>>> print(open('data.csv').read())   # CSV, N, CA and C atoms
chain,number,residue,atom,x,y,z
A,5,MET,N,-0.4,-4.2,-11.0
A,5,MET,CA,-0.8,-2.9,-11.0
A,5,MET,C,-0.7,-2.3,-9.6
A,6,ARG,N,-0.2,-1.1,-9.5
A,6,ARG,CA,-0.1,-0.4,-8.2
A,6,ARG,C,-1.0,0.8,-8.3
A,7,ILE,N,-1.7,1.1,-7.2
A,7,ILE,CA,-2.6,2.2,-7.1
A,7,ILE,C,-2.3,3.1,-5.9
A,8,ARG,N,-2.2,4.4,-6.1
A,8,ARG,CA,-2.0,5.3,-5.0
A,8,ARG,C,-3.4,5.6,-4.5
A,9,VAL,N,-3.7,5.1,-3.3
A,9,VAL,CA,-5.0,5.2,-2.7
A,9,VAL,C,-5.2,6.6,-2.1
A,10,HIS,N,-6.3,7.3,-2.5
A,10,HIS,CA,-6.6,8.6,-1.9
A,10,HIS,C,-7.7,8.4,-0.9
A,11,ALA,N,-8.6,7.4,-1.0
A,11,ALA,CA,-9.7,7.2,-0.1
A,11,ALA,C,-10.0,5.7,0.0
A,12,ALA,N,-10.3,5.2,1.1
A,12,ALA,CA,-10.7,3.8,1.3
A,12,ALA,C,-11.8,3.7,2.3
A,13,GLY,N,-12.7,2.8,2.0
A,13,GLY,CA,-13.9,2.5,2.9
A,13,GLY,C,-13.4,1.5,4.0
A,14,VAL,N,-13.8,1.8,5.2
A,14,VAL,CA,-13.5,0.9,6.3
A,14,VAL,C,-14.9,0.5,6.9
A,15,ASN,N,-15.2,-0.7,6.8
A,15,ASN,CA,-16.5,-1.2,7.3
A,15,ASN,C,-16.4,-2.0,8.5
A,16,PHE,N,-17.5,-2.3,9.2
A,16,PHE,CA,-17.5,-3.1,10.4
A,16,PHE,C,-16.9,-4.5,10.2
A,17,ALA,N,-17.3,-5.1,9.0
A,17,ALA,CA,-16.8,-6.4,8.7
A,17,ALA,C,-15.2,-6.4,8.6
A,18,ASP,N,-14.7,-5.3,8.1
A,18,ASP,CA,-13.2,-5.2,8.0
A,18,ASP,C,-12.6,-5.2,9.4
A,19,SER,N,-13.2,-4.5,10.3
A,19,SER,CA,-12.6,-4.5,11.7
A,19,SER,C,-12.8,-5.9,12.3
A,20,LEU,N,-13.8,-6.6,12.0
A,20,LEU,CA,-14.0,-8.0,12.5
A,20,LEU,C,-12.9,-8.9,12.0
A,21,MET,N,-12.6,-8.7,10.6
A,21,MET,CA,-11.6,-9.6,10.0
A,21,MET,C,-10.2,-9.3,10.6
A,22,VAL,N,-9.9,-8.0,10.8
A,22,VAL,CA,-8.6,-7.7,11.4
A,22,VAL,C,-8.5,-8.3,12.8
A,23,GLY,N,-9.6,-8.3,13.5
A,23,GLY,CA,-9.6,-8.8,14.9
A,23,GLY,C,-9.7,-10.3,15.0
A,24,GLY,N,-9.9,-11.0,13.8
A,24,GLY,CA,-10.0,-12.4,13.8
A,24,GLY,C,-11.3,-13.0,14.2
A,25,THR,N,-12.4,-12.1,14.3
A,25,THR,CA,-13.7,-12.6,14.8
A,25,THR,C,-14.7,-12.7,13.7
A,26,TYR,N,-14.4,-12.5,12.4
A,26,TYR,CA,-15.3,-12.6,11.3
A,26,TYR,C,-15.4,-14.1,10.9
A,27,GLN,N,-16.5,-14.4,10.2
A,27,GLN,CA,-16.7,-15.8,9.8
A,27,GLN,C,-15.5,-16.3,8.9
A,28,VAL,N,-15.1,-15.5,8.0
A,28,VAL,CA,-14.0,-15.8,7.1
A,28,VAL,C,-12.7,-15.3,7.8
A,29,LYS,N,-11.8,-16.2,7.9
A,29,LYS,CA,-10.5,-15.8,8.6
A,29,LYS,C,-9.3,-16.0,7.7
A,30,PRO,N,-9.0,-14.9,6.9
A,30,PRO,CA,-7.9,-15.0,6.0
A,30,PRO,C,-6.6,-15.1,6.7
A,31,GLN,N,-5.6,-15.7,6.1
A,31,GLN,CA,-4.3,-15.9,6.8
A,31,GLN,C,-3.6,-14.5,6.7
A,32,PHE,N,-2.9,-14.2,7.8
A,32,PHE,CA,-2.0,-13.0,7.8
A,32,PHE,C,-0.8,-13.3,7.0
A,33,PRO,N,-0.2,-12.3,6.3
A,33,PRO,CA,-0.7,-10.9,6.2
A,33,PRO,C,-1.7,-10.9,5.1
A,34,PHE,N,-2.7,-10.0,5.2
A,34,PHE,CA,-3.7,-9.8,4.2
A,34,PHE,C,-4.1,-8.3,4.3
A,35,THR,N,-4.7,-7.8,3.2
A,35,THR,CA,-5.1,-6.5,3.1
A,35,THR,C,-6.6,-6.4,3.3
A,36,PRO,N,-7.1,-5.8,4.4
A,36,PRO,CA,-8.6,-5.8,4.6
A,36,PRO,C,-9.2,-4.7,3.6
A,37,GLY,N,-10.5,-4.9,3.4
A,37,GLY,CA,-11.2,-3.9,2.6
A,37,GLY,C,-11.3,-4.2,1.1
A,38,LEU,N,-12.4,-3.7,0.6
A,38,LEU,CA,-12.7,-4.0,-0.9
A,38,LEU,C,-12.9,-2.7,-1.6
A,39,GLU,N,-12.9,-1.6,-0.9
A,39,GLU,CA,-13.3,-0.3,-1.6
A,39,GLU,C,-12.1,0.6,-1.5
A,40,ALA,N,-11.7,1.2,-2.7
A,40,ALA,CA,-10.7,2.2,-2.7
A,40,ALA,C,-10.8,3.1,-3.9
A,41,ALA,N,-10.3,4.3,-3.8
A,41,ALA,CA,-10.3,5.2,-4.9
A,41,ALA,C,-9.0,5.9,-5.0
A,42,GLY,N,-8.4,6.0,-6.2
A,42,GLY,CA,-7.1,6.7,-6.3
A,42,GLY,C,-6.7,6.7,-7.7
A,43,GLU,N,-5.4,6.7,-7.9
A,43,GLU,CA,-4.8,6.8,-9.2
A,43,GLU,C,-3.9,5.6,-9.5
A,44,ILE,N,-3.9,5.2,-10.7
A,44,ILE,CA,-3.0,4.1,-11.1
A,44,ILE,C,-1.6,4.7,-11.3
A,45,VAL,N,-0.6,4.1,-10.6
A,45,VAL,CA,0.7,4.6,-10.8
A,45,VAL,C,1.7,3.7,-11.5
A,46,GLU,N,1.3,2.4,-11.6
A,46,GLU,CA,2.2,1.5,-12.3
A,46,GLU,C,1.3,0.4,-12.9
A,47,THR,N,1.6,0.0,-14.1
A,47,THR,CA,0.9,-1.1,-14.8
A,47,THR,C,1.9,-2.1,-15.3
A,48,PRO,N,1.5,-3.4,-15.6
A,48,PRO,CA,2.4,-4.3,-16.2
A,48,PRO,C,2.9,-3.8,-17.6
A,49,ALA,N,3.9,-4.4,-18.1
A,49,ALA,CA,4.5,-3.9,-19.4
A,49,ALA,C,3.5,-4.1,-20.5
A,50,ALA,N,2.7,-5.2,-20.5
A,50,ALA,CA,1.7,-5.5,-21.5
A,50,ALA,C,0.4,-5.9,-20.8
A,51,PRO,N,-0.4,-4.9,-20.4
A,51,PRO,CA,-1.6,-5.2,-19.7
A,51,PRO,C,-2.6,-5.9,-20.6
A,52,LYS,N,-3.3,-6.9,-20.1
A,52,LYS,CA,-4.3,-7.6,-20.8
A,52,LYS,C,-5.6,-6.8,-20.9
A,53,PRO,N,-6.2,-6.8,-22.1
A,53,PRO,CA,-7.5,-6.1,-22.2
A,53,PRO,C,-8.6,-6.7,-21.3
A,54,PRO,N,-9.5,-5.9,-20.8
A,54,PRO,CA,-10.5,-6.5,-19.9
A,54,PRO,C,-11.4,-7.4,-20.7
A,55,LYS,N,-12.0,-8.4,-20.0
A,55,LYS,CA,-12.9,-9.3,-20.7
A,55,LYS,C,-14.3,-8.6,-20.8
A,56,PRO,N,-15.0,-8.8,-21.9
A,56,PRO,CA,-16.3,-8.2,-22.0
A,56,PRO,C,-17.2,-8.7,-20.9
A,57,THR,N,-18.0,-7.9,-20.3
A,57,THR,CA,-19.0,-8.3,-19.3
A,57,THR,C,-20.2,-7.4,-19.4
A,58,ARG,N,-21.4,-7.9,-19.0
A,58,ARG,CA,-22.5,-7.0,-19.0
A,58,ARG,C,-22.7,-6.3,-17.6
A,59,TYR,N,-21.8,-6.5,-16.7
A,59,TYR,CA,-22.0,-6.0,-15.4
A,59,TYR,C,-20.8,-5.1,-15.1
A,60,ALA,N,-21.0,-4.0,-14.5
A,60,ALA,CA,-19.9,-3.2,-13.9
A,60,ALA,C,-19.4,-3.9,-12.7
A,61,PRO,N,-18.1,-3.7,-12.4
A,61,PRO,CA,-17.5,-4.5,-11.2
A,61,PRO,C,-18.3,-4.3,-9.9
A,62,SER,N,-18.9,-3.2,-9.7
A,62,SER,CA,-19.6,-3.0,-8.4
A,62,SER,C,-21.1,-3.3,-8.5
A,63,THR,N,-21.6,-3.8,-9.6
A,63,THR,CA,-23.0,-4.0,-9.7
A,63,THR,C,-23.4,-5.4,-9.2
A,64,PRO,N,-24.3,-5.5,-8.2
A,64,PRO,CA,-24.7,-6.8,-7.7
A,64,PRO,C,-25.3,-7.6,-8.9
A,65,ARG,N,-25.0,-8.9,-8.9
A,65,ARG,CA,-25.4,-9.8,-10.0
A,65,ARG,C,-26.8,-10.4,-9.7
A,66,HIS,N,-27.2,-10.4,-8.5
A,66,HIS,CA,-28.5,-11.0,-8.2
A,66,HIS,C,-29.6,-9.9,-8.4
A,67,PRO,N,-30.7,-10.2,-9.1
A,67,PRO,CA,-31.7,-9.2,-9.4
A,67,PRO,C,-32.3,-8.5,-8.2
A,68,LYS,N,-32.4,-9.2,-7.1
A,68,LYS,CA,-33.0,-8.7,-5.9
A,68,LYS,C,-32.0,-8.1,-4.9
A,69,ALA,N,-30.7,-8.1,-5.3
A,69,ALA,CA,-29.7,-7.6,-4.3
A,69,ALA,C,-29.9,-6.2,-3.9
A,70,TRP,N,-30.4,-5.4,-4.7
A,70,TRP,CA,-30.7,-4.0,-4.3
A,70,TRP,C,-31.8,-3.9,-3.2
A,71,LEU,N,-32.6,-4.9,-3.1
A,71,LEU,CA,-33.7,-4.9,-2.2
A,71,LEU,C,-33.3,-5.6,-0.9
A,72,GLY,N,-32.1,-6.0,-0.7
A,72,GLY,CA,-31.6,-6.6,0.5
A,72,GLY,C,-32.0,-8.1,0.6
A,73,ALA,N,-32.4,-8.7,-0.6
A,73,ALA,CA,-32.7,-10.1,-0.5
A,73,ALA,C,-31.5,-11.0,-0.5
>>> encode(input="data.csv", output="structure tokens")
Amino acid sequence: MRIRVHAAGVNFADSLMVGGTYQVKPQFPFTPGLEAAGEIVETPAAPKPPKPTRYAPSTPRHPKAWLGA
């Protein structure tokens, strides 16, 4: 799937990853960041249906995650 990104979040952790000073050091090349908003411009010929889940993709799964625990 390809997405035309209209907006993307850039966080402090992203800048550390790009600089190679974050705890996790992905091998280059990599795409930093986890947040983006835009439009889908291309999909596979036969996309798979999403798996049922009780969580939205951005919902923390730990019950105390909203409290900073």
>>> residues_around(input="data.csv", residues="Met5 in chain A", least_positions_apart="6", cutoff="12 Å", atoms="only C-alpha atoms", output="list in words")
Glu43, Ile44, Val45, Glu46, Thr47, Pro48, Ala49, Ala50, Pro51 and Lys52 of chain A
>>> select_by_dssp(input="data.csv", residues="range 15-60 of chain A", states="alpha helix (DSSP H)", output="list in words")
Phe16, Ala17, Asp18, Ser19, Leu20, Met21, Val22 and Gly23 of chain A
>>> atom_distance(input="data.csv", atom1="atom N of Val28 in chain A", atom2="CA of Arg8 in chain A")
27.8 Å
>>> closest_residue(input="data.csv", among="A:Gly24, A:Ala41, A:Pro36, A:Gln31", to="Val9 in chain A", atoms="all atoms listed in the file")
A:Ala41
>>> closest_residue(input="data.csv", among="A:Asp18, A:Thr25, A:Arg6, A:Ala11", to="Gly37 in chain A", atoms="only N, CA and C atoms")
A:Asp18
>>> atom_distance(input="data.csv", atom1="CA of Gly13 in chain A", atom2="atom C of Phe32 in chain A")
20.9 Å
>>> atom_distance(input="data.csv", atom1="atom C of Tyr26 in chain A", atom2="atom C of Gly42 in chain A")
29.2 Å
